[in-house]
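Enquirer: Pasting structure_15.cif here (mmCIF, C-alpha atoms):
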```cif
data_target
loop_
_atom_site.label_atom_id
_atom_site.label_comp_id
_atom_site.auth_asym_id
_atom_site.auth_seq_id
_atom_site.Cartn_x
_atom_site.Cartn_y
_atom_site.Cartn_z
CA MET A 26 79.20 -62.14 -34.58
CA THR A 27 75.60 -61.89 -33.58
CA LYS A 28 73.90 -58.90 -35.00
CA GLY A 29 70.55 -57.33 -34.64
CA ARG A 30 69.64 -54.44 -36.81
CA LEU A 31 66.96 -51.87 -36.46
CA SER A 32 66.31 -49.04 -38.74
CA SER A 33 64.59 -45.81 -38.18
CA SER A 34 64.19 -42.62 -40.06
CA GLY A 35 66.28 -40.85 -37.52
CA GLU A 36 63.34 -39.62 -35.54
CA GLU A 37 63.73 -40.24 -31.87
CA ASN A 38 60.83 -41.37 -29.89
CA ALA A 39 60.68 -43.05 -26.56
CA LEU A 40 60.02 -46.47 -27.95
CA SER A 41 63.00 -46.69 -30.24
CA SER A 42 65.02 -45.19 -27.43
CA THR A 43 63.94 -48.10 -25.31
CA LEU A 44 65.27 -50.55 -27.84
CA LEU A 45 68.47 -48.69 -28.31
CA SER A 46 69.04 -48.38 -24.61
CA ILE A 47 68.85 -52.14 -24.35
CA ALA A 48 71.60 -52.43 -26.85
CA ILE A 49 73.71 -49.87 -25.11
CA LYS A 50 73.29 -51.57 -21.78
CA SER A 51 74.66 -54.77 -23.29
CA LYS A 52 78.01 -52.98 -23.17
CA ASN A 53 79.35 -54.68 -26.28
CA VAL A 54 77.33 -52.59 -28.63
CA GLU A 55 78.68 -51.03 -31.75
CA PHE A 56 76.60 -48.04 -32.46
CA ALA A 57 76.62 -45.85 -35.47
CA LYS A 58 74.23 -43.56 -37.19
CA SER A 59 74.74 -43.12 -40.88
CA SER A 60 74.31 -39.66 -42.13
CA SER A 61 73.18 -38.89 -45.64
CA ALA A 62 76.84 -38.42 -46.54
CA GLY A 63 77.58 -41.92 -45.33
CA GLU A 64 79.56 -40.77 -42.32
CA SER A 65 79.09 -42.29 -38.91
CA ALA A 66 78.42 -40.16 -35.92
CA ALA A 67 77.96 -41.20 -32.36
CA ILE A 68 74.63 -40.39 -30.79
CA PRO A 69 74.86 -39.12 -27.25
CA PHE A 70 73.72 -41.74 -24.79
CA LYS A 71 71.53 -39.26 -23.02
CA HIS A 72 69.02 -39.59 -25.84
CA PHE A 73 68.47 -43.17 -24.88
CA ARG A 74 68.23 -42.86 -21.16
CA GLU A 75 64.91 -41.16 -21.03
CA PRO A 76 62.23 -42.68 -18.83
CA LEU A 77 59.74 -44.93 -20.51
CA PRO A 78 56.52 -43.23 -21.49
CA ALA A 79 53.65 -43.95 -19.16
CA SER A 80 51.50 -44.95 -22.09
CA LEU A 81 53.48 -48.13 -22.56
CA ARG A 82 52.12 -51.00 -20.59
CA ASP A 83 54.47 -53.34 -18.79
CA TYR A 84 53.16 -56.17 -20.86
CA GLU A 85 54.13 -54.52 -24.09
CA ILE A 86 57.53 -53.50 -22.87
CA GLY A 87 58.27 -56.93 -21.52
CA GLU A 88 57.16 -58.75 -24.62
CA LEU A 89 59.15 -56.32 -26.66
CA LEU A 90 62.30 -56.90 -24.68
CA LEU A 91 61.85 -60.62 -24.91
CA ALA A 92 61.37 -60.43 -28.65
CA VAL A 93 64.47 -58.35 -29.14
CA SER A 94 66.41 -60.66 -26.89
CA SER A 95 65.32 -63.65 -28.94
CA ILE A 96 66.48 -62.05 -32.09
CA THR A 97 69.92 -61.20 -30.83
CA SER A 98 70.51 -64.51 -29.12
CA GLU A 99 69.58 -66.32 -32.30
CA GLY A 100 72.23 -64.44 -34.16
CA ASN A 101 69.86 -63.29 -36.85
CA TRP A 102 69.65 -60.15 -38.82
CA LEU A 103 66.37 -58.44 -38.49
CA TRP A 104 65.12 -55.75 -40.73
CA LEU A 105 62.41 -53.51 -39.49
CA GLY A 106 60.65 -50.67 -41.12
CA ASN A 107 60.33 -47.30 -39.60
CA VAL A 108 60.52 -48.17 -35.92
CA SER A 109 59.60 -44.76 -34.74
CA LYS A 110 56.17 -44.98 -36.32
CA PHE A 111 55.13 -48.04 -34.40
CA SER A 112 53.39 -48.28 -31.08
CA ALA A 113 54.83 -50.84 -28.71
CA HIS A 114 52.15 -53.29 -29.71
CA GLU A 115 52.67 -52.73 -33.41
CA LEU A 116 56.39 -53.11 -33.02
CA LEU A 117 55.88 -56.35 -31.16
CA GLU A 118 53.78 -57.61 -34.05
CA GLN A 119 56.49 -56.53 -36.46
CA LEU A 120 59.09 -58.36 -34.43
CA LYS A 121 56.99 -61.48 -34.44
CA ALA A 122 56.23 -61.20 -38.13
CA HIS A 123 59.86 -60.66 -39.08
CA PHE A 124 61.39 -63.15 -36.73
CA GLY A 125 63.23 -65.66 -38.84
CA TYR A 126 63.65 -63.35 -41.77
CA LEU A 127 67.31 -63.54 -42.46
CA PRO A 128 68.55 -61.18 -45.11
CA SER A 129 72.19 -61.82 -45.86
CA GLU A 130 74.82 -59.60 -44.37
CA GLU A 131 75.39 -58.06 -47.78
CA THR A 132 71.92 -56.55 -47.75
CA THR A 133 73.09 -54.09 -45.13
CA GLN A 134 74.56 -52.13 -47.99
CA ASP A 135 71.07 -51.54 -49.23
CA ARG A 136 69.87 -49.90 -46.10
CA PRO A 137 68.59 -46.35 -46.31
CA ALA A 138 71.21 -43.77 -45.67
CA SER A 139 69.23 -42.34 -42.81
CA SER A 140 68.92 -45.62 -40.97
CA THR A 141 70.32 -46.41 -37.59
CA ALA A 142 72.21 -49.67 -37.32
CA ILE A 143 72.97 -51.48 -34.14
CA THR A 144 75.25 -54.42 -33.73
CA LEU A 145 74.92 -56.50 -30.66
CA GLU A 146 77.62 -58.78 -29.47
CA PRO A 147 76.35 -62.12 -28.21
CA ARG A 148 75.56 -62.29 -24.54
CA ARG A 149 76.46 -65.92 -24.46
CA ASP A 150 78.64 -65.65 -21.35
CA LEU A 151 75.85 -64.13 -19.33
CA THR A 152 73.20 -66.37 -20.86
CA GLY A 153 75.28 -69.43 -20.08
CA LYS A 154 75.91 -68.23 -16.55
CA ILE A 155 72.21 -67.77 -15.92
CA GLU A 156 71.28 -71.10 -17.46
CA ASN A 157 73.93 -72.81 -15.34
CA LEU A 158 72.65 -71.05 -12.26
CA PHE A 159 69.12 -72.29 -12.89
CA SER A 160 70.47 -75.81 -13.44
CA PHE A 161 72.44 -75.62 -10.23
CA GLY A 162 69.34 -74.43 -8.40
CA ARG A 163 67.69 -77.77 -9.02
CA ASN A 164 70.11 -79.31 -6.54
CA GLU A 165 69.42 -76.81 -3.80
CA ILE A 166 66.82 -77.02 -1.07
CA PHE A 167 65.18 -73.66 -0.65
CA GLU A 168 64.05 -72.65 2.82
CA ASP A 169 61.88 -69.72 3.77
CA GLY A 170 63.80 -66.86 5.29
CA THR A 171 67.16 -68.11 4.11
CA GLU A 172 69.30 -67.03 1.21
CA SER A 173 70.47 -69.77 -1.07
CA TYR A 174 73.46 -69.79 -3.40
CA PHE A 175 70.95 -69.55 -6.22
CA SER A 176 69.12 -66.53 -4.86
CA ARG A 177 72.32 -64.73 -3.92
CA GLU A 178 73.83 -65.18 -7.36
CA LEU A 179 70.58 -64.35 -9.12
CA VAL A 180 70.19 -61.06 -7.31
CA ALA A 181 73.85 -60.22 -7.90
CA LEU A 182 73.45 -60.81 -11.64
CA VAL A 183 70.37 -58.61 -11.80
CA ARG A 184 72.13 -55.85 -9.90
CA LYS A 185 75.19 -56.08 -12.14
CA HIS A 186 73.59 -56.57 -15.56
CA GLY A 187 70.10 -55.18 -15.04
CA GLU A 188 67.58 -55.81 -17.80
CA ILE A 189 70.07 -57.77 -19.86
CA ALA A 190 70.20 -60.43 -17.16
CA LEU A 191 66.45 -60.23 -16.70
CA LEU A 192 65.92 -60.98 -20.38
CA ASP A 193 67.56 -64.37 -19.97
CA ILE A 194 65.81 -65.01 -16.68
CA ALA A 195 62.49 -64.06 -18.22
CA ARG A 196 63.04 -66.33 -21.18
CA LEU A 197 63.80 -69.30 -18.94
CA ILE A 198 60.75 -68.69 -16.79
CA THR A 199 58.20 -67.73 -19.43
CA SER A 200 59.20 -70.58 -21.71
CA GLU A 201 58.70 -72.89 -18.70
CA LYS A 202 62.10 -74.45 -19.36
CA ALA A 203 63.20 -73.67 -15.83
CA ASP A 204 62.47 -76.10 -13.04
CA ALA A 205 59.28 -74.93 -11.33
CA CYS A 206 60.79 -74.82 -7.82
CA VAL A 207 63.77 -72.84 -9.08
CA ALA A 208 61.57 -70.48 -11.08
CA ALA A 209 59.37 -69.90 -8.02
CA GLU A 210 62.41 -69.13 -5.88
CA ALA A 211 63.68 -66.76 -8.56
CA LEU A 212 60.36 -64.93 -8.70
CA LYS A 213 60.24 -64.51 -4.94
CA TRP A 214 63.70 -62.94 -4.89
CA LEU A 215 63.04 -60.81 -7.94
CA GLY A 216 60.06 -59.41 -6.09
CA ARG A 217 61.97 -58.56 -2.95
CA THR A 218 65.06 -57.11 -4.58
CA HIS A 219 65.38 -53.37 -4.32
CA HIS A 220 66.67 -52.25 -7.69
CA PRO A 221 64.70 -49.31 -9.07
CA GLU A 222 66.35 -49.51 -12.50
CA THR A 223 64.73 -52.87 -13.19
CA HIS A 224 61.54 -52.49 -11.17
CA SER A 225 59.26 -52.19 -14.18
CA PHE A 226 60.70 -55.20 -15.95
CA ARG A 227 60.67 -57.34 -12.79
CA ARG A 228 57.06 -56.33 -12.16
CA TRP A 229 56.16 -57.33 -15.69
CA LEU A 230 57.87 -60.70 -15.29
CA LEU A 231 56.10 -61.41 -11.99
CA LEU A 232 52.74 -60.57 -13.54
CA ARG A 233 53.52 -62.62 -16.61
CA ALA A 234 54.43 -65.59 -14.40
CA LEU A 235 50.90 -65.52 -12.98
CA THR A 236 49.87 -67.17 -16.25
CA SER A 237 52.31 -70.06 -15.86
CA SER A 238 50.87 -73.55 -16.12
CA SER A 239 52.70 -74.42 -12.89
CA VAL A 240 50.97 -73.74 -9.58
CA LEU A 241 54.38 -73.48 -7.93
CA VAL A 242 55.51 -70.81 -10.34
CA ARG A 243 52.29 -68.86 -9.93
CA GLU A 244 52.69 -69.06 -6.17
CA GLY A 245 56.26 -67.78 -6.44
CA ALA A 246 55.01 -64.89 -8.54
CA VAL A 247 52.32 -64.03 -6.00
CA LEU A 248 54.90 -64.02 -3.24
CA GLY A 249 57.23 -61.84 -5.27
CA LEU A 250 54.38 -59.42 -5.91
CA ALA A 251 53.57 -59.39 -2.19
CA PHE A 252 57.14 -58.30 -1.53
CA MET A 253 57.02 -55.75 -4.30
CA ASN A 254 53.81 -54.31 -2.89
CA ASP A 255 53.26 -52.12 -5.92
CA PRO A 256 49.81 -50.55 -6.40
CA ALA A 257 50.33 -50.75 -10.16
CA THR A 258 49.81 -54.49 -9.88
CA ILE A 259 46.30 -54.27 -8.45
CA SER A 260 44.44 -54.51 -11.74
CA PRO A 261 46.46 -57.42 -13.16
CA LEU A 262 46.25 -59.18 -9.81
CA GLN A 263 42.49 -58.85 -9.93
CA GLN A 264 42.48 -60.33 -13.40
CA ALA A 265 44.68 -63.17 -12.19
CA LEU A 266 42.26 -63.76 -9.32
CA GLU A 267 39.36 -64.05 -11.77
CA ARG A 268 41.07 -66.73 -13.85
CA GLU A 269 42.88 -68.63 -11.07
CA GLN A 270 41.44 -72.12 -10.61
CA THR A 271 43.42 -73.25 -7.56
CA PRO A 272 41.50 -72.27 -4.40
CA GLU A 273 44.61 -71.90 -2.26
CA LEU A 274 46.16 -69.53 -4.77
CA ARG A 275 42.93 -67.61 -5.03
CA ASP A 276 43.21 -67.05 -1.27
CA ASP A 277 46.79 -65.88 -1.69
CA LEU A 278 45.86 -63.48 -4.47
CA SER A 279 43.01 -62.05 -2.40
CA GLN A 280 45.30 -61.52 0.57
CA VAL A 281 47.96 -59.80 -1.49
CA LEU A 282 45.34 -57.55 -3.04
CA ARG A 283 44.07 -56.65 0.45
CA GLN A 284 47.62 -55.96 1.57
CA ILE A 285 48.33 -53.61 -1.31
CA HIS A 286 45.00 -51.82 -0.86
CA ASN A 287 45.68 -51.39 2.86
CA VAL A 288 49.18 -50.08 2.46
CA HIS A 289 48.49 -47.63 -0.35
CA MET B 7 42.14 -77.16 23.92
CA PRO B 8 45.66 -75.93 23.18
CA PHE B 9 47.30 -76.47 19.82
CA TYR B 10 50.66 -77.34 18.43
CA LEU B 11 52.16 -75.22 15.70
CA ARG B 12 54.42 -76.78 13.12
CA THR B 13 56.09 -74.69 10.43
CA VAL B 14 55.32 -76.05 6.97
CA ASN B 15 55.35 -75.00 3.36
CA LYS B 16 51.80 -74.21 2.34
CA ASN B 17 52.21 -75.39 -1.23
CA ARG B 18 52.71 -78.94 0.04
CA TRP B 19 49.27 -78.89 1.61
CA TYR B 20 46.92 -77.86 -1.19
CA ARG B 21 43.97 -79.88 0.04
CA GLN B 22 41.25 -78.06 -1.86
CA SER B 23 42.96 -78.80 -5.14
CA PRO B 24 44.69 -82.19 -4.77
CA PRO B 25 46.43 -83.69 -7.78
CA SER B 26 43.99 -85.45 -10.09
CA TRP B 27 45.95 -88.68 -9.78
CA LEU B 28 45.65 -88.81 -5.98
CA PRO B 29 43.57 -91.81 -4.86
CA GLU B 30 40.87 -91.28 -2.27
CA ASN B 31 42.10 -91.47 1.33
CA GLU B 32 45.68 -90.82 0.24
CA ILE B 33 47.83 -87.75 0.73
CA PRO B 34 50.51 -86.38 -1.61
CA ALA B 35 54.00 -87.57 -0.65
CA GLN B 36 55.27 -83.98 -0.72
CA SER B 37 53.45 -83.31 2.56
CA LEU B 38 55.83 -85.69 4.29
CA ALA B 39 58.66 -83.22 3.79
CA ASP B 40 57.21 -81.03 6.54
CA VAL B 41 57.03 -83.76 9.19
CA VAL B 42 60.43 -85.37 8.74
CA PRO B 43 63.12 -84.13 11.12
CA LYS B 44 66.66 -83.45 9.99
CA PRO B 45 69.29 -86.07 10.93
CA GLU B 46 70.00 -86.14 14.67
CA GLU B 47 67.18 -83.71 15.31
CA ASN B 48 63.65 -84.04 16.57
CA LEU B 49 60.54 -82.54 15.04
CA SER B 50 60.10 -79.04 16.40
CA LEU B 51 56.66 -77.91 17.62
CA TRP B 52 55.37 -74.84 19.40
CA ARG B 53 52.56 -75.03 21.91
CA ILE B 54 49.85 -72.45 21.37
CA GLU B 55 47.32 -71.55 24.05
CA ASP B 56 43.69 -72.19 23.20
CA ASP B 57 42.83 -68.44 23.41
CA PRO B 58 45.43 -68.27 21.32
CA SER B 59 47.18 -65.46 23.19
CA ASN B 60 50.78 -66.46 22.43
CA LEU B 61 50.36 -67.19 18.72
CA ASN B 62 51.75 -63.91 17.40
CA ARG B 63 54.66 -64.02 19.83
CA VAL B 64 55.59 -67.50 18.69
CA VAL B 65 55.30 -66.46 15.06
CA ALA B 66 57.58 -63.50 15.75
CA ALA B 67 60.05 -65.76 17.56
CA ILE B 68 60.25 -68.18 14.63
CA ALA B 69 60.43 -65.44 12.00
CA SER B 70 63.12 -63.54 13.91
CA ASN B 71 65.33 -66.60 13.91
CA ARG B 72 65.71 -66.41 10.16
CA ARG B 73 68.24 -64.58 8.07
CA ASN B 74 65.70 -62.70 5.95
CA LEU B 75 62.16 -61.49 6.27
CA ASP B 76 59.92 -63.98 4.53
CA LYS B 77 56.49 -65.55 4.58
CA LEU B 78 55.80 -67.98 7.38
CA ASP B 79 53.50 -70.93 6.76
CA TYR B 80 52.35 -73.06 9.66
CA ALA B 81 49.95 -75.85 10.56
CA LEU B 82 47.91 -75.64 13.76
CA PHE B 83 46.48 -78.83 15.21
CA PRO B 84 44.95 -79.84 18.58
CA ILE B 85 47.46 -81.36 20.98
CA ALA B 86 45.13 -84.35 21.40
CA ILE B 87 46.29 -85.61 18.01
CA ILE B 88 49.69 -86.41 19.49
CA ASP B 89 48.15 -88.89 21.92
CA GLN B 90 45.76 -90.26 19.33
CA LEU B 91 48.66 -91.13 17.06
CA GLY B 92 50.78 -92.55 19.89
CA LEU B 93 53.50 -89.94 19.42
CA THR B 94 55.88 -88.87 22.16
CA VAL B 95 56.61 -85.22 22.83
CA ALA B 96 59.07 -83.56 25.17
CA GLN B 97 59.64 -79.96 26.10
CA SER B 98 63.01 -78.66 24.93
CA PRO B 99 64.69 -75.27 24.71
CA GLY B 100 64.01 -73.43 21.47
CA LYS B 101 66.74 -71.53 19.67
CA THR B 102 64.98 -68.30 18.72
CA PRO B 103 65.80 -64.77 19.92
CA ASP B 104 62.79 -65.01 22.31
CA ASN B 105 64.06 -66.61 25.52
CA VAL B 106 60.62 -66.88 27.12
CA ALA B 107 59.12 -68.54 24.08
CA ASN B 108 62.09 -70.88 23.91
CA SER B 109 61.70 -72.07 27.47
CA THR B 110 57.92 -72.02 27.71
CA TRP B 111 56.36 -73.11 24.45
CA HIS B 112 58.89 -75.12 22.51
CA TRP B 113 58.33 -78.86 22.27
CA GLU B 114 59.56 -81.66 20.10
CA ILE B 115 58.24 -84.93 18.82
CA ILE B 116 60.91 -87.43 19.76
CA GLU B 117 61.62 -90.94 18.53
CA LEU B 118 59.57 -90.33 15.41
CA THR B 119 59.46 -93.35 13.13
CA ALA B 120 58.75 -93.24 9.43
CA SER B 121 55.36 -94.90 9.83
CA LYS B 122 54.37 -92.43 12.54
CA ALA B 123 55.54 -89.54 10.40
CA VAL B 124 53.17 -90.76 7.71
CA LEU B 125 50.34 -90.92 10.25
CA LEU B 126 51.11 -87.39 11.39
CA ALA B 127 51.23 -86.05 7.84
CA ARG B 128 47.94 -87.72 7.08
CA GLU B 129 46.30 -86.26 10.18
CA LEU B 130 47.60 -82.79 9.41
CA TYR B 131 46.43 -83.10 5.83
CA LEU B 132 42.95 -84.01 7.00
CA SER B 133 42.45 -81.67 9.92
CA ALA B 134 45.16 -79.08 10.55
CA GLU B 135 44.58 -75.42 9.90
CA ILE B 136 47.20 -74.22 7.44
CA THR B 137 47.97 -70.51 7.62
CA ARG B 138 50.26 -68.23 5.71
CA LYS B 139 51.67 -65.12 7.33
CA TRP B 140 52.87 -62.80 4.59
CA PRO B 141 56.08 -60.83 4.97
CA LEU B 142 54.08 -57.70 5.64
CA ASP B 143 52.22 -59.56 8.41
CA VAL B 144 55.43 -60.83 9.95
CA LEU B 145 57.25 -57.52 9.84
CA PRO B 146 55.21 -55.69 12.54
CA LEU B 147 55.23 -58.76 14.77
CA ILE B 148 59.02 -58.80 14.85
CA ARG B 149 59.17 -55.05 15.33
CA GLU B 150 56.73 -55.33 18.22
CA GLY B 151 58.72 -58.19 19.70
CA ILE B 152 61.83 -56.02 19.70
CA ARG B 153 59.94 -53.05 21.14
CA LEU B 154 58.58 -55.14 24.01
CA ASN B 155 61.98 -56.76 24.57
CA HIS B 156 60.55 -60.18 23.84
CA LEU B 157 63.22 -60.57 21.20
CA THR B 158 66.89 -60.09 21.93
CA ARG B 159 67.89 -57.72 19.18
CA THR B 160 71.52 -58.81 19.19
CA LYS B 161 70.42 -62.33 18.28
CA LEU B 162 68.78 -61.20 15.07
CA HIS B 163 70.74 -61.63 11.86
CA ALA B 164 72.12 -58.42 10.39
CA ASP B 165 70.30 -59.03 7.11
CA LEU B 166 66.99 -59.35 8.92
CA LEU B 167 67.67 -56.18 10.89
CA ALA B 168 68.34 -54.43 7.60
CA ASP B 169 65.00 -55.72 6.30
CA LEU B 170 63.25 -54.38 9.39
CA ASN B 171 64.67 -50.95 8.80
CA GLN B 172 62.93 -50.71 5.45
CA GLU B 173 59.59 -49.02 5.26
CA HIS B 174 57.81 -52.01 3.76
CA PRO B 175 58.72 -55.25 1.97
CA GLY B 176 58.52 -53.61 -1.44
CA ALA B 177 61.41 -51.44 -0.40
CA LEU B 178 63.62 -54.36 0.47
#
```
Will you turn the file into structure tokens for me?
Expert:
Amino acid sequence: MTKGRLSSSGEENALSSTLLSIAIKSKNVEFAKSSSAGESAAIPFKHFREPLPASLRDYEIGELLLAVSSITSEGNWLWLGNVSKFSAHELLEQLKAHFGYLPSEETTQDRPASSTAITLEPRRDLTGKIENLFSFGRNEIFEDGTESYFSRELVALVRKHGEIALLDIARLITSEKADACVAAEALKWLGRTHHPETHSFRRWLLLRALTSSSVLVREGAVLGLAFMNDPATISPLQQALEREQTPELRDDLSQVLRQIHNVH
Amino acid sequence: MPFYLRTVNKNRWYRQSPPSWLPENEIPAQSLADVVPKPEENLSLWRIEDDPSNLNRVVAAIASNRRNLDKLDYALFPIAIIDQLGLTVAQSPGKTPDNVANSTWHWEIIELTASKAVLLARELYLSAEITRKWPLDVLPLIREGIRLNHLTRTKLHADLLADLNQEHPGAL
């Protein structure tokens, strides 16, 4: 069984709620909160469905989600300190610092009585499905204005599994393991998909893809952002414009920025 | 002088930033993909007036023939290039929801050989104007085409009609 473990002092803040909500959305989560008497008590889900605080930047949330995803997919135990005391950035650093630290399963007995433990089942079925889909996409010819099998399935997976599916998609794209044409097609469709529950994460992924080493992937991200048409992307798009070296993409970025300014 | 419009994929025509390995006077092979017709088909072109008064209508016609709202990249080049390269064109009925555009401005390059396709790609790479219409640019053109009855609404795909009913692309 793949397990990820987070501990907190029992305080509930928005950030730890974010992490916990990821686990809950994975559907196969075993969730228990140990009381001082050693009893387990379910925590109402409503605590973990609060909106993300505005102070968290997309970048931090996205990196955080990716980090957590990496941990669980690797099947490692992770011990964190008092999660609730960390900012998103600090927690990210903690995740990075602790990644690979593998206390044995027995050490769970040593955890503080007030800790919160989460067990995540592996998402291997979904991960495998998404990896296969990206492999299959390499054999497709993508045409403007036409759905492909790849795009149809990709959107369906995002609608069905939400951020859990996006974690795997993000890992394939940001690690640059995905074929560039397929990644670009994915980014375009992620930008045009109407799915408010995952908007923030998709926006983060599109912006993150603007730093890809592949021109094709960056172009796909620009197109996805043009579809998304979100004024929150103006500042990162401007930053992307400043660092972009390909003249044609610079033109694209300028035009998308104009579009967003004009519409909003 | 009038122009011909050929739909392309802009990322195959990055002329300001060619690959570092590309020898001088060569073009990237990927550009060929936009000038090779499908089996048993000819290479579709649209004739654009020199003013260019029918450009937006042709763009709307092409875009409305798709299943989904999307960007539309095209190359514009003077019709004189066809003669210069020894290519043969013929007028043929288009298949878009715009009947007037289909019968008035749709042409095809016929009997296109591989060597002539290379010549055409090379000429487009050197001199054509490559333009991208973004989804938000295309959207009002299709809506206007429907409003003016240039486009036969019943010929539009249901998915595209659904896209048109959204407020803007971000709401798709």
Enquirer: May I have the protein, DNA and RNA residues with an atom at most 7 Å from (58.8, -80.3, 15.3), counting only C-alpha atoms in the file's coordinates, returned as a list of chain:residue names?
Expert: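 Here is the list of nearby residues: B:Arg12, B:Asn48, B:Leu49, B:Ser50, B:Leu51, B:Glu114, B:Ile115.
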Enquirer: Exactly which residues make up the result of the PyMOL selection byres ((chain B) within 12 of (chain A)) on this file, given as an mmCIF file with C-alpha atoms, in the coordinates of the input?
Expert:
```
data_model
loop_
_atom_site.group_PDB
_atom_site.id
_atom_site.type_symbol
_atom_site.label_atom_id
_atom_site.label_comp_id
_atom_site.auth_asym_id
_atom_site.auth_seq_id
_atom_site.Cartn_x
_atom_site.Cartn_y
_atom_site.Cartn_z
ATOM 1 C CA THR B 13 56.090 -74.690 10.430
ATOM 2 C CA VAL B 14 55.320 -76.050 6.970
ATOM 3 C CA ASN B 15 55.350 -75.000 3.360
ATOM 4 C CA LYS B 16 51.800 -74.210 2.340
ATOM 5 C CA ASN B 17 52.210 -75.390 -1.230
ATOM 6 C CA ARG B 18 52.710 -78.940 0.040
ATOM 7 C CA TRP B 19 49.270 -78.890 1.610
ATOM 8 C CA TYR B 20 46.920 -77.860 -1.190
ATOM 9 C CA ARG B 21 43.970 -79.880 0.040
ATOM 10 C CA GLN B 22 41.250 -78.060 -1.860
ATOM 11 C CA SER B 23 42.960 -78.800 -5.140
ATOM 12 C CA PRO B 24 44.690 -82.190 -4.770
ATOM 13 C CA PRO B 25 46.430 -83.690 -7.780
ATOM 14 C CA ALA B 39 58.660 -83.220 3.790
ATOM 15 C CA ASP B 40 57.210 -81.030 6.540
ATOM 16 C CA ILE B 68 60.250 -68.180 14.630
ATOM 17 C CA ALA B 69 60.430 -65.440 12.000
ATOM 18 C CA SER B 70 63.120 -63.540 13.910
ATOM 19 C CA ASN B 71 65.330 -66.600 13.910
ATOM 20 C CA ARG B 72 65.710 -66.410 10.160
ATOM 21 C CA ARG B 73 68.240 -64.580 8.070
ATOM 22 C CA ASN B 74 65.700 -62.700 5.950
ATOM 23 C CA LEU B 75 62.160 -61.490 6.270
ATOM 24 C CA ASP B 76 59.920 -63.980 4.530
ATOM 25 C CA LYS B 77 56.490 -65.550 4.580
ATOM 26 C CA LEU B 78 55.800 -67.980 7.380
ATOM 27 C CA ASP B 79 53.500 -70.930 6.760
ATOM 28 C CA TYR B 80 52.350 -73.060 9.660
ATOM 29 C CA ILE B 136 47.200 -74.220 7.440
ATOM 30 C CA THR B 137 47.970 -70.510 7.620
ATOM 31 C CA ARG B 138 50.260 -68.230 5.710
ATOM 32 C CA LYS B 139 51.670 -65.120 7.330
ATOM 33 C CA TRP B 140 52.870 -62.800 4.590
ATOM 34 C CA PRO B 141 56.080 -60.830 4.970
ATOM 35 C CA LEU B 142 54.080 -57.700 5.640
ATOM 36 C CA ASP B 143 52.220 -59.560 8.410
ATOM 37 C CA VAL B 144 55.430 -60.830 9.950
ATOM 38 C CA LEU B 145 57.250 -57.520 9.840
ATOM 39 C CA HIS B 163 70.740 -61.630 11.860
ATOM 40 C CA ASP B 165 70.300 -59.030 7.110
ATOM 41 C CA LEU B 166 66.990 -59.350 8.920
ATOM 42 C CA ASP B 169 65.000 -55.720 6.300
ATOM 43 C CA GLN B 172 62.930 -50.710 5.450
ATOM 44 C CA GLU B 173 59.590 -49.020 5.260
ATOM 45 C CA HIS B 174 57.810 -52.010 3.760
ATOM 46 C CA PRO B 175 58.720 -55.250 1.970
ATOM 47 C CA GLY B 176 58.520 -53.610 -1.440
ATOM 48 C CA ALA B 177 61.410 -51.440 -0.400
ATOM 49 C CA LEU B 178 63.620 -54.360 0.470
#
```
Enquirer: Nearest to Ala120 of chain B among B:Pro43, B:Gly100, B:Pro84, B:Pro8, with distances taken over all atoms listed in the file: which residue is it?
Expert: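 Of all the options, B:Pro43 lies closest to Ala120 of chain B.
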Enquirer: What is the atom CA of Trp113 of chain B to atom CA of Val95 of chain B distance in Å?
Expert: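 Rounded to one decimal, the two atoms are 6.6 Å apart.
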Enquirer: Need to verify the contact set: segment 199-212 of chain A, 8 Å, only C-alpha atoms, exclusion of same-chain residues closer than 3 positions in sequence. Can you return it as a CSV table (one decimal) with C-alpha atoms, keeping the file's coordinate frame?
Expert:
```csv
chain,number,residue,atom,x,y,z
A,159,PHE,CA,69.1,-72.3,-12.9
A,160,SER,CA,70.5,-75.8,-13.4
A,162,GLY,CA,69.3,-74.4,-8.4
A,163,ARG,CA,67.7,-77.8,-9.0
A,167,PHE,CA,65.2,-73.7,-0.6
A,176,SER,CA,69.1,-66.5,-4.9
A,179,LEU,CA,70.6,-64.4,-9.1
A,195,ALA,CA,62.5,-64.1,-18.2
A,196,ARG,CA,63.0,-66.3,-21.2
A,215,LEU,CA,63.0,-60.8,-7.9
A,216,GLY,CA,60.1,-59.4,-6.1
A,231,LEU,CA,56.1,-61.4,-12.0
A,233,ARG,CA,53.5,-62.6,-16.6
A,234,ALA,CA,54.4,-65.6,-14.4
A,237,SER,CA,52.3,-70.1,-15.9
A,239,SER,CA,52.7,-74.4,-12.9
A,241,LEU,CA,54.4,-73.5,-7.9
A,242,VAL,CA,55.5,-70.8,-10.3
A,243,ARG,CA,52.3,-68.9,-9.9
A,244,GLU,CA,52.7,-69.1,-6.2
A,245,GLY,CA,56.3,-67.8,-6.4
A,246,ALA,CA,55.0,-64.9,-8.5
A,248,LEU,CA,54.9,-64.0,-3.2
A,249,GLY,CA,57.2,-61.8,-5.3
```
Enquirer: Please compute the atom CA of Val247 of chain A-atom CA of Leu278 of chain A distance, one decimal, in Å.
Expert: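 Computing the Euclidean distance for atom CA of Val247 of chain A and atom CA of Leu278 of chain A yields 6.7 Å.
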Enquirer: Work out how far atom CA of Ala134 of chain B is from atom CA of Asp57 of chain B, in Å to one decimal.
Expert: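 Result for atom CA of Asp57 of chain B versus atom CA of Ala134 of chain B: 16.9 Å, one decimal.
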